[in-house]
>>> print(open('query06.tsv').read())   # TSV, C-alpha atoms
chain	number	residue	atom	x	y	z
A	11	MET	CA	96.82	119.64	92.35
A	12	ARG	CA	94.34	116.76	92.36
A	13	VAL	CA	95.72	113.22	92.38
A	14	GLU	CA	93.65	110.60	90.58
A	15	PHE	CA	93.31	107.16	92.16
A	16	THR	CA	91.62	103.82	91.57
A	17	LYS	CA	90.45	101.56	94.37
A	18	LEU	CA	90.85	97.86	93.50
A	19	GLN	CA	90.49	94.66	95.48
A	20	GLY	CA	91.54	91.05	95.17
A	21	CYS	CA	89.56	88.71	97.43
A	22	GLY	CA	88.80	91.72	99.64
A	23	ASN	CA	92.46	92.74	100.00
A	24	ASP	CA	91.91	96.37	98.94
A	25	TYR	CA	94.43	99.04	98.02
A	26	VAL	CA	94.41	102.54	96.61
A	27	TYR	CA	96.29	102.56	93.28
A	28	ILE	CA	98.04	105.59	91.81
A	29	ASP	CA	99.82	105.98	88.47
A	30	GLY	CA	103.22	107.12	89.70
A	31	ALA	CA	104.22	108.33	86.24
A	32	ALA	CA	101.26	110.70	86.07
A	33	TRP	CA	101.12	111.91	89.67
A	34	ASN	CA	104.26	112.81	91.61
A	35	VAL	CA	103.90	112.50	95.38
A	36	PRO	CA	107.30	113.40	96.94
A	37	GLN	CA	109.03	110.33	98.36
A	38	GLU	CA	109.44	111.82	101.84
A	39	LYS	CA	105.71	112.64	101.94
A	40	LYS	CA	104.48	109.19	100.93
A	41	PRO	CA	104.17	107.61	104.43
A	42	GLU	CA	101.90	110.42	105.64
A	43	PHE	CA	100.00	110.41	102.34
A	44	VAL	CA	99.48	106.63	102.61
A	45	ARG	CA	98.21	106.80	106.19
A	46	LYS	CA	95.64	109.44	105.29
A	47	MET	CA	94.53	107.72	102.09
A	48	SER	CA	94.21	104.34	103.84
A	49	ASP	CA	92.09	105.63	106.73
A	50	ARG	CA	88.63	104.07	106.38
A	51	HIS	CA	86.90	106.87	108.30
A	52	PHE	CA	88.65	110.05	107.16
A	53	GLY	CA	90.26	108.93	103.90
A	54	ILE	CA	89.51	106.65	100.98
A	55	GLY	CA	90.09	103.47	102.97
A	56	GLY	CA	92.25	100.47	102.17
A	57	ASP	CA	94.92	98.04	103.32
A	58	GLY	CA	97.48	100.46	101.93
A	59	VAL	CA	98.51	102.37	98.81
A	60	ILE	CA	100.29	101.05	95.72
A	61	PHE	CA	102.08	103.36	93.29
A	62	ILE	CA	102.54	101.93	89.78
A	63	ASN	CA	105.78	103.29	88.33
A	64	PRO	CA	107.87	102.93	85.17
A	65	SER	CA	110.69	100.40	85.45
A	66	GLU	CA	113.88	99.54	83.58
A	67	GLU	CA	113.96	95.94	84.81
A	68	ALA	CA	110.30	95.02	84.22
A	69	ASP	CA	107.21	96.31	82.45
A	70	PHE	CA	106.11	98.12	85.62
A	71	GLU	CA	107.17	98.67	89.23
A	72	MET	CA	104.83	98.08	92.17
A	73	GLU	CA	105.76	100.47	95.00
A	74	MET	CA	103.69	99.13	97.88
A	75	TYR	CA	102.90	100.69	101.27
A	76	ASN	CA	100.99	99.23	104.21
A	77	ALA	CA	98.18	101.18	105.82
A	78	ASP	CA	100.48	102.45	108.59
A	79	GLY	CA	102.78	104.05	106.02
A	80	SER	CA	105.51	101.40	106.23
A	81	ARG	CA	106.99	100.11	102.98
A	82	GLY	CA	105.85	96.64	101.95
A	83	GLN	CA	107.86	94.17	99.88
A	84	MET	CA	105.28	92.04	98.11
A	85	CYS	CA	101.50	91.60	98.00
A	86	GLY	CA	100.03	88.78	95.95
A	87	ASN	CA	96.53	90.24	95.78
A	88	GLY	CA	97.98	93.69	95.17
A	89	ILE	CA	100.13	92.62	92.24
A	90	ARG	CA	97.14	91.01	90.50
A	91	CYS	CA	95.33	94.33	90.77
A	92	VAL	CA	98.39	96.09	89.31
A	93	ALA	CA	97.94	93.89	86.23
A	94	LYS	CA	94.28	94.86	85.96
A	95	PHE	CA	95.07	98.55	86.42
A	96	VAL	CA	97.70	98.73	83.67
A	97	TYR	CA	95.69	96.68	81.16
A	98	ASP	CA	92.27	98.22	81.75
A	99	LYS	CA	93.73	101.74	81.57
A	100	GLY	CA	95.59	101.03	78.33
A	101	LEU	CA	99.10	101.28	79.80
A	102	THR	CA	99.80	97.92	78.13
A	103	ASP	CA	98.08	95.67	75.62
A	104	LYS	CA	100.05	92.58	76.62
A	105	THR	CA	98.38	89.68	78.45
A	106	GLU	CA	101.69	88.50	79.89
A	107	ILE	CA	103.67	91.14	81.79
A	108	THR	CA	106.42	91.49	84.38
A	109	VAL	CA	106.16	93.58	87.56
A	110	VAL	CA	109.01	94.34	89.95
A	111	SER	CA	108.49	95.02	93.66
A	112	ALA	CA	111.34	95.61	96.12
A	113	GLY	CA	113.80	94.20	93.61
A	114	SER	CA	111.88	90.99	92.89
A	115	VAL	CA	110.44	90.53	89.39
A	116	LYS	CA	107.20	88.54	89.00
A	117	ARG	CA	105.63	87.21	85.80
A	118	LEU	CA	101.87	87.57	85.41
A	119	LYS	CA	99.35	86.08	82.99
A	120	LEU	CA	96.19	88.14	82.47
A	121	TYR	CA	92.82	86.55	81.70
A	122	VAL	CA	90.74	89.10	79.78
A	123	GLN	CA	86.98	89.10	79.23
A	124	ASP	CA	85.06	91.83	77.36
A	125	GLY	CA	88.16	93.98	77.24
A	126	GLN	CA	88.89	93.88	80.97
A	127	VAL	CA	91.06	91.72	83.20
A	128	LYS	CA	89.02	89.36	85.38
A	129	ARG	CA	91.64	86.96	86.75
A	130	VAL	CA	95.42	86.91	86.99
A	131	ARG	CA	97.91	84.07	87.43
A	132	VAL	CA	101.16	85.09	89.09
A	133	ASN	CA	104.45	83.22	89.23
A	134	MET	CA	105.31	84.03	92.85
A	135	GLY	CA	108.74	82.41	92.64
A	136	ARG	CA	110.29	79.95	95.07
A	137	PRO	CA	109.60	80.09	98.81
A	138	ILE	CA	112.47	80.92	101.15
A	139	LEU	CA	112.81	78.52	104.06
A	140	LYS	CA	116.12	79.39	105.71
A	141	ALA	CA	115.30	81.05	109.03
A	142	GLU	CA	118.00	83.71	108.73
A	143	GLU	CA	116.71	84.76	105.30
A	144	ILE	CA	113.05	85.09	106.36
A	145	PRO	CA	114.26	86.61	108.78
A	146	ALA	CA	113.41	84.66	111.93
A	147	LEU	CA	115.72	84.20	114.89
A	148	SER	CA	116.19	80.51	115.63
A	149	ASN	CA	118.88	77.92	116.33
A	150	GLU	CA	117.23	75.77	113.65
A	151	GLU	CA	118.04	76.25	109.96
A	152	GLN	CA	114.35	75.90	109.13
A	153	ILE	CA	111.27	76.48	111.27
A	154	LEU	CA	108.72	73.80	110.44
A	155	ASP	CA	105.97	72.65	112.80
A	156	MET	CA	107.80	74.22	115.73
A	157	PRO	CA	106.03	74.62	119.09
A	158	VAL	CA	105.84	78.25	120.18
A	159	PHE	CA	104.15	79.87	123.16
A	160	VAL	CA	102.38	83.12	122.24
A	161	ALA	CA	99.44	85.01	123.80
A	162	GLY	CA	99.09	82.48	126.62
A	163	ARG	CA	98.78	79.49	124.32
A	164	GLN	CA	101.02	76.94	122.60
A	165	TRP	CA	100.90	76.84	118.79
A	166	ARG	CA	102.53	74.83	116.00
A	167	MET	CA	104.30	77.27	113.69
A	168	SER	CA	106.17	77.14	110.38
A	169	CYS	CA	108.01	80.12	108.89
A	170	VAL	CA	108.29	80.96	105.19
A	171	SER	CA	109.28	84.02	103.16
A	172	MET	CA	107.63	84.87	99.85
A	173	GLY	CA	109.66	88.06	99.59
A	174	ASN	CA	108.10	89.03	102.92
A	175	PRO	CA	108.09	87.08	106.23
A	176	HIS	CA	105.26	84.76	107.23
A	177	ALA	CA	104.44	82.65	110.28
A	178	VAL	CA	101.98	79.89	109.44
A	179	VAL	CA	100.11	78.67	112.50
A	180	LEU	CA	97.77	75.68	112.83
A	181	ALA	CA	94.46	76.55	114.51
A	182	GLU	CA	91.41	74.29	114.38
A	183	ASP	CA	89.33	77.11	115.92
A	184	VAL	CA	90.39	79.60	113.23
A	185	GLU	CA	86.93	81.19	112.89
A	186	GLU	CA	86.69	82.02	116.59
A	187	LEU	CA	90.20	83.36	117.12
A	188	PRO	CA	90.38	86.91	118.52
A	189	LEU	CA	92.97	88.10	116.00
A	190	VAL	CA	92.94	91.67	117.34
A	191	GLN	CA	94.51	90.33	120.53
A	192	ILE	CA	96.60	87.48	119.11
A	193	GLY	CA	97.84	88.98	115.83
A	194	PRO	CA	99.99	91.77	117.31
A	195	LYS	CA	101.65	89.27	119.67
A	196	PHE	CA	102.97	87.37	116.66
A	197	GLU	CA	103.68	90.47	114.56
A	198	HIS	CA	105.92	91.99	117.23
A	199	HIS	CA	107.38	88.74	118.61
A	200	SER	CA	111.10	88.91	119.37
A	201	MET	CA	111.73	86.08	116.88
A	202	PHE	CA	110.96	88.42	113.99
A	203	PRO	CA	113.31	91.42	113.70
A	204	GLU	CA	111.29	92.84	110.76
A	205	ARG	CA	107.90	91.87	112.23
A	206	VAL	CA	105.88	89.14	110.56
A	207	ASN	CA	102.62	88.38	108.75
A	208	THR	CA	100.75	85.57	110.48
A	209	GLU	CA	98.42	83.04	108.83
A	210	PHE	CA	96.12	81.02	111.07
A	211	ILE	CA	95.03	77.95	109.12
A	212	ARG	CA	92.70	74.97	109.33
A	213	VAL	CA	93.24	72.04	106.98
A	214	ILE	CA	89.91	70.91	105.51
A	215	ASP	CA	91.23	68.21	103.15
A	216	ARG	CA	94.27	67.46	100.97
A	217	ASN	CA	93.31	70.20	98.51
A	218	THR	CA	91.55	72.79	100.68
A	219	ILE	CA	92.51	74.95	103.64
A	220	GLN	CA	90.84	77.80	105.50
A	221	LEU	CA	92.90	80.86	106.43
A	222	ARG	CA	92.70	84.09	108.38
A	223	VAL	CA	95.59	86.52	108.27
A	224	TRP	CA	97.08	89.26	110.42
A	225	GLU	CA	99.29	91.45	108.21
A	226	ARG	CA	102.11	93.51	109.66
A	227	GLY	CA	101.29	97.17	109.39
A	228	SER	CA	97.66	96.60	108.39
A	229	GLY	CA	96.02	94.26	110.92
A	230	GLU	CA	93.51	91.61	109.88
A	231	THR	CA	92.76	91.71	106.17
A	232	LEU	CA	90.29	89.71	104.09
A	233	ALA	CA	93.06	88.00	102.12
A	234	CYS	CA	96.83	87.81	101.66
A	235	GLY	CA	98.23	86.31	98.48
A	236	THR	CA	101.77	85.80	99.72
A	237	GLY	CA	100.31	84.43	102.95
A	238	CYS	CA	98.30	81.85	101.03
A	239	CYS	CA	101.47	80.80	99.18
A	240	ALA	CA	103.37	80.54	102.46
A	241	ALA	CA	100.55	78.54	104.05
A	242	VAL	CA	100.45	76.00	101.23
A	243	THR	CA	104.25	75.70	101.34
A	244	ALA	CA	104.09	74.91	105.05
A	245	CYS	CA	101.22	72.46	104.61
A	246	VAL	CA	103.03	70.54	101.85
A	247	LEU	CA	106.29	70.35	103.80
A	248	CYS	CA	104.44	69.14	106.90
A	249	GLY	CA	102.58	66.49	104.87
A	250	LEU	CA	99.15	68.06	105.40
A	251	THR	CA	98.10	68.78	101.79
A	252	ASP	CA	98.92	68.11	98.16
A	253	ARG	CA	100.63	70.73	95.98
A	254	SER	CA	97.48	72.18	94.41
A	255	VAL	CA	95.33	73.80	97.09
A	256	THR	CA	92.29	76.06	97.16
A	257	VAL	CA	92.71	78.54	100.00
A	258	ARG	CA	89.51	79.92	101.49
A	259	VAL	CA	89.99	83.41	102.91
A	260	LEU	CA	87.44	85.83	104.29
A	261	GLY	CA	87.26	87.63	100.92
A	262	GLY	CA	87.00	84.62	98.60
A	263	GLU	CA	89.24	81.86	97.27
A	264	LEU	CA	92.70	81.64	95.74
A	265	LEU	CA	94.21	78.69	93.87
A	266	ILE	CA	97.80	78.03	94.93
A	267	GLU	CA	99.93	75.55	92.94
A	268	TRP	CA	103.47	74.60	94.02
A	269	GLU	CA	105.24	72.93	91.11
A	270	GLU	CA	107.48	70.09	92.19
A	271	ASP	CA	109.88	70.22	89.24
A	272	THR	CA	110.69	73.95	89.29
A	273	GLY	CA	109.89	74.71	92.93
A	274	GLU	CA	107.89	77.76	91.80
A	275	ILE	CA	104.54	78.73	93.29
A	276	PHE	CA	101.70	80.00	91.13
A	277	MET	CA	98.74	81.97	92.48
A	278	THR	CA	95.51	82.49	90.53
A	279	GLY	CA	92.70	84.76	91.65
A	280	PRO	CA	90.37	87.64	90.81
A	281	ALA	CA	91.05	91.37	90.50
A	282	GLU	CA	88.22	93.91	90.62
A	283	THR	CA	87.85	97.66	90.38
A	284	VAL	CA	85.82	99.18	93.22
A	285	PHE	CA	85.68	102.88	92.29
A	286	GLU	CA	87.76	105.78	91.02
A	287	GLY	CA	88.18	109.40	92.04
A	288	SER	CA	90.64	112.15	92.86
A	289	VAL	CA	91.91	113.88	96.00
A	290	GLU	CA	93.48	117.27	96.56
A	291	TYR	CA	97.23	117.13	97.28
A	292	PRO	CA	98.62	118.16	99.72
A	293	LEU	CA	95.87	116.51	101.75
>>> encode(input="query06.tsv", output="structure tokens")
Amino acid sequence: MRVEFTKLQGCGNDYVYIDGAAWNVPQEKKPEFVRKMSDRHFGIGGDGVIFINPSEEADFEMEMYNADGSRGQMCGNGIRCVAKFVYDKGLTDKTEITVVSAGSVKRLKLYVQDGQVKRVRVNMGRPILKAEEIPALSNEEQILDMPVFVAGRQWRMSCVSMGNPHAVVLAEDVEELPLVQIGPKFEHHSMFPERVNTEFIRVIDRNTIQLRVWERGSGETLACGTGCCAAVTACVLCGLTDRSVTVRVLGGELLIEWEEDTGEIFMTGPAETVFEGSVEYPL
């Protein structure tokens, strides 16, 4: 059979999207399928694959996989593209929907222009700061502005979970950092039993930061929505920024707003279709 797909991207964070209700890839075959589909030389190319499935607890389920075939928990840029996929393809006519991923339900507001979704605002929920829940191994209950020695250099690091683990690291030389060498050292550090996504940030002013990200299972990507939320959380708690921050990533900009009264973080950004096609399965 031929499996239809759509390639979408949010700030350059690109995934291959498949309607899981229409195309049944056996669960045990999905890691291999994802690796082949994600390969930028021999496959379609992407930071991973996202299956959009029916759900009893939300309007849709986002079943997310990283490019190496490992299961992901949450992707902020990915979930915005889920909203665009389901609306543009007529799977829903609602402009406010819910999407569940790894047991966590998110609420999304869709901004439609000329019949298509252009931007999406996502309630990303409340950040998790307890080290054991991130998870990160530490004698401290929270890891905020902690010195850590990695890749031959001392860094200041804060750890946050947005449904997936993040290490937020201050780096004034963020543009010059050799992430191919440094990123894996953080990802596989003994502090992080489930590996970790790492955001290297430079604070520009109280409402703007610059960020590069190394994602577990995918390497450096052009953006990471949950990473931007984690970075703003760390910056606010360390007194570096206000609660409404524009995050500049390699693929564009995201607006992150951390509400003081509810503790919830909202992320607003674009979602774009790149191209569509089909592949023969089995590959």
>>> residues_around(input="query06.tsv", residues="stretch 97-112 of chain A", least_positions_apart="3", cutoff="8 Å", atoms="only C-alpha atoms", output="ChimeraX atom specification")
/A:65,67-74,83-84,89,93-94,115-122,125-127
>>> write_last_selection(input="query06.tsv", atoms="C-alpha atoms", output="PDB file, keeping the file's coordinate frame")
ATOM      1  CA  SER A  65     110.690 100.400  85.450  1.00  0.00           C
ATOM      2  CA  GLU A  67     113.960  95.940  84.810  1.00  0.00           C
ATOM      3  CA  ALA A  68     110.300  95.020  84.220  1.00  0.00           C
ATOM      4  CA  ASP A  69     107.210  96.310  82.450  1.00  0.00           C
ATOM      5  CA  PHE A  70     106.110  98.120  85.620  1.00  0.00           C
ATOM      6  CA  GLU A  71     107.170  98.670  89.230  1.00  0.00           C
ATOM      7  CA  MET A  72     104.830  98.080  92.170  1.00  0.00           C
ATOM      8  CA  GLU A  73     105.760 100.470  95.000  1.00  0.00           C
ATOM      9  CA  MET A  74     103.690  99.130  97.880  1.00  0.00           C
ATOM     10  CA  GLN A  83     107.860  94.170  99.880  1.00  0.00           C
ATOM     11  CA  MET A  84     105.280  92.040  98.110  1.00  0.00           C
ATOM     12  CA  ILE A  89     100.130  92.620  92.240  1.00  0.00           C
ATOM     13  CA  ALA A  93      97.940  93.890  86.230  1.00  0.00           C
ATOM     14  CA  LYS A  94      94.280  94.860  85.960  1.00  0.00           C
ATOM     15  CA  VAL A 115     110.440  90.530  89.390  1.00  0.00           C
ATOM     16  CA  LYS A 116     107.200  88.540  89.000  1.00  0.00           C
ATOM     17  CA  ARG A 117     105.630  87.210  85.800  1.00  0.00           C
ATOM     18  CA  LEU A 118     101.870  87.570  85.410  1.00  0.00           C
ATOM     19  CA  LYS A 119      99.350  86.080  82.990  1.00  0.00           C
ATOM     20  CA  LEU A 120      96.190  88.140  82.470  1.00  0.00           C
ATOM     21  CA  TYR A 121      92.820  86.550  81.700  1.00  0.00           C
ATOM     22  CA  VAL A 122      90.740  89.100  79.780  1.00  0.00           C
ATOM     23  CA  GLY A 125      88.160  93.980  77.240  1.00  0.00           C
ATOM     24  CA  GLN A 126      88.890  93.880  80.970  1.00  0.00           C
ATOM     25  CA  VAL A 127      91.060  91.720  83.200  1.00  0.00           C
TER      26      VAL A 127
END
>>> atom_distance(input="query06.tsv", atom1="atom CA of A:Val13", atom2="atom CA of A:Met47")
11.2 Å
>>> residues_around(input="query06.tsv", residues="A:Val59", least_positions_apart="3", cutoff="7 Å", atoms="all atoms listed in the file", output="list in words")
Tyr25, Val26, Tyr27, Val44, Ser48, Met74, Tyr75 and Asn76 of chain A
>>> closest_atom_pairs(input="query06.tsv", of="stretch 15-131 of chain A", to="stretch 278-288 of chain A", cutoff="6 Å", atoms="only C-alpha atoms", output="Markdown table")
| residue | atom | partner | partner_atom | distance |
| --- | --- | --- | --- | --- |
| A:Phe15 | CA | A:Gly287 | CA | 5.6 |
| A:Thr16 | CA | A:Glu286 | CA | 4.4 |
| A:Lys17 | CA | A:Val284 | CA | 5.3 |
| A:Leu18 | CA | A:Thr283 | CA | 4.3 |
| A:Gln19 | CA | A:Glu282 | CA | 5.4 |
| A:Gly20 | CA | A:Ala281 | CA | 4.7 |
| A:Cys91 | CA | A:Ala281 | CA | 5.2 |
| A:Lys128 | CA | A:Pro280 | CA | 5.9 |
| A:Arg129 | CA | A:Pro280 | CA | 4.3 |
| A:Val130 | CA | A:Thr278 | CA | 5.7 |
| A:Arg131 | CA | A:Thr278 | CA | 4.2 |
>>> closest_atom_pairs(input="query06.tsv", of="stretch 89-192 of chain A", to="stretch 252-274 of chain A", cutoff="9 Å", atoms="only C-alpha atoms", output="JSON lines")
{"residue": "A:Asn133", "atom": "CA", "partner": "A:Glu274", "partner_atom": "CA", "distance": 6.9}
{"residue": "A:Met134", "atom": "CA", "partner": "A:Glu274", "partner_atom": "CA", "distance": 6.9}
{"residue": "A:Gly135", "atom": "CA", "partner": "A:Glu274", "partner_atom": "CA", "distance": 4.8}
{"residue": "A:Arg136", "atom": "CA", "partner": "A:Glu274", "partner_atom": "CA", "distance": 4.6}
{"residue": "A:Pro137", "atom": "CA", "partner": "A:Glu274", "partner_atom": "CA", "distance": 7.6}
>>> residues_around(input="query06.tsv", residues="stretch 139-142 of chain A", least_positions_apart="3", cutoff="6 Å", atoms="all atoms listed in the file", output="PyMOL selection string")
chain A and resi 145-146+151-152+170
>>> closest_residue(input="query06.tsv", among="A:Val223, A:Ile138, A:Cys169, A:Met201", to="A:Met156", atoms="all atoms listed in the file")
A:Cys169
>>> residues_around(input="query06.tsv", residues="A:Arg226", least_positions_apart="3", cutoff="7 Å", atoms="only C-alpha atoms", output="list of chain:residue names")
A:Glu197, A:Arg205, A:Val206, A:Asn207, A:Gly229
>>> closest_residue(input="query06.tsv", among="A:Leu189, A:Val158, A:Ala77, A:Val35", to="A:Gly227", atoms="all atoms listed in the file")
A:Ala77
>>> atom_distance(input="query06.tsv", atom1="atom CA of A:Gly79", atom2="atom CA of A:Asp49")
10.8 Å
>>> residues_around(input="query06.tsv", residues="A:Pro194", least_positions_apart="4", cutoff="8 Å", atoms="all atoms listed in the file", output="list in words")
Val190, His198, Trp224 and Gly229 of chain A
>>> closest_residue(input="query06.tsv", among="A:Asp215, A:Glu225, A:Glu150, A:Glu143", to="A:Val178", atoms="all atoms listed in the file")
A:Glu225
>>> closest_residue(input="query06.tsv", among="A:Glu290, A:Phe276, A:Val242, A:Phe202", to="A:Ser148", atoms="only C-alpha atoms")
A:Phe202
>>> closest_residue(input="query06.tsv", among="A:Leu293, A:Ala32, A:Val132, A:Cys85", to="A:Cys234", atoms="all atoms listed in the file")
A:Cys85
>>> atom_distance(input="query06.tsv", atom1="atom CA of A:His176", atom2="atom CA of A:Glu38")
27.9 Å
>>> axis_aligned_box(input="query06.tsv", around="stretch 135-148 of chain A", padding_each_side="5 Å", output="lines of an AutoDock Vina configuration file")
center_x = 113.4
center_y = 82.6
center_z = 104.1
size_x = 19.3
size_y = 18.1
size_z = 33.0
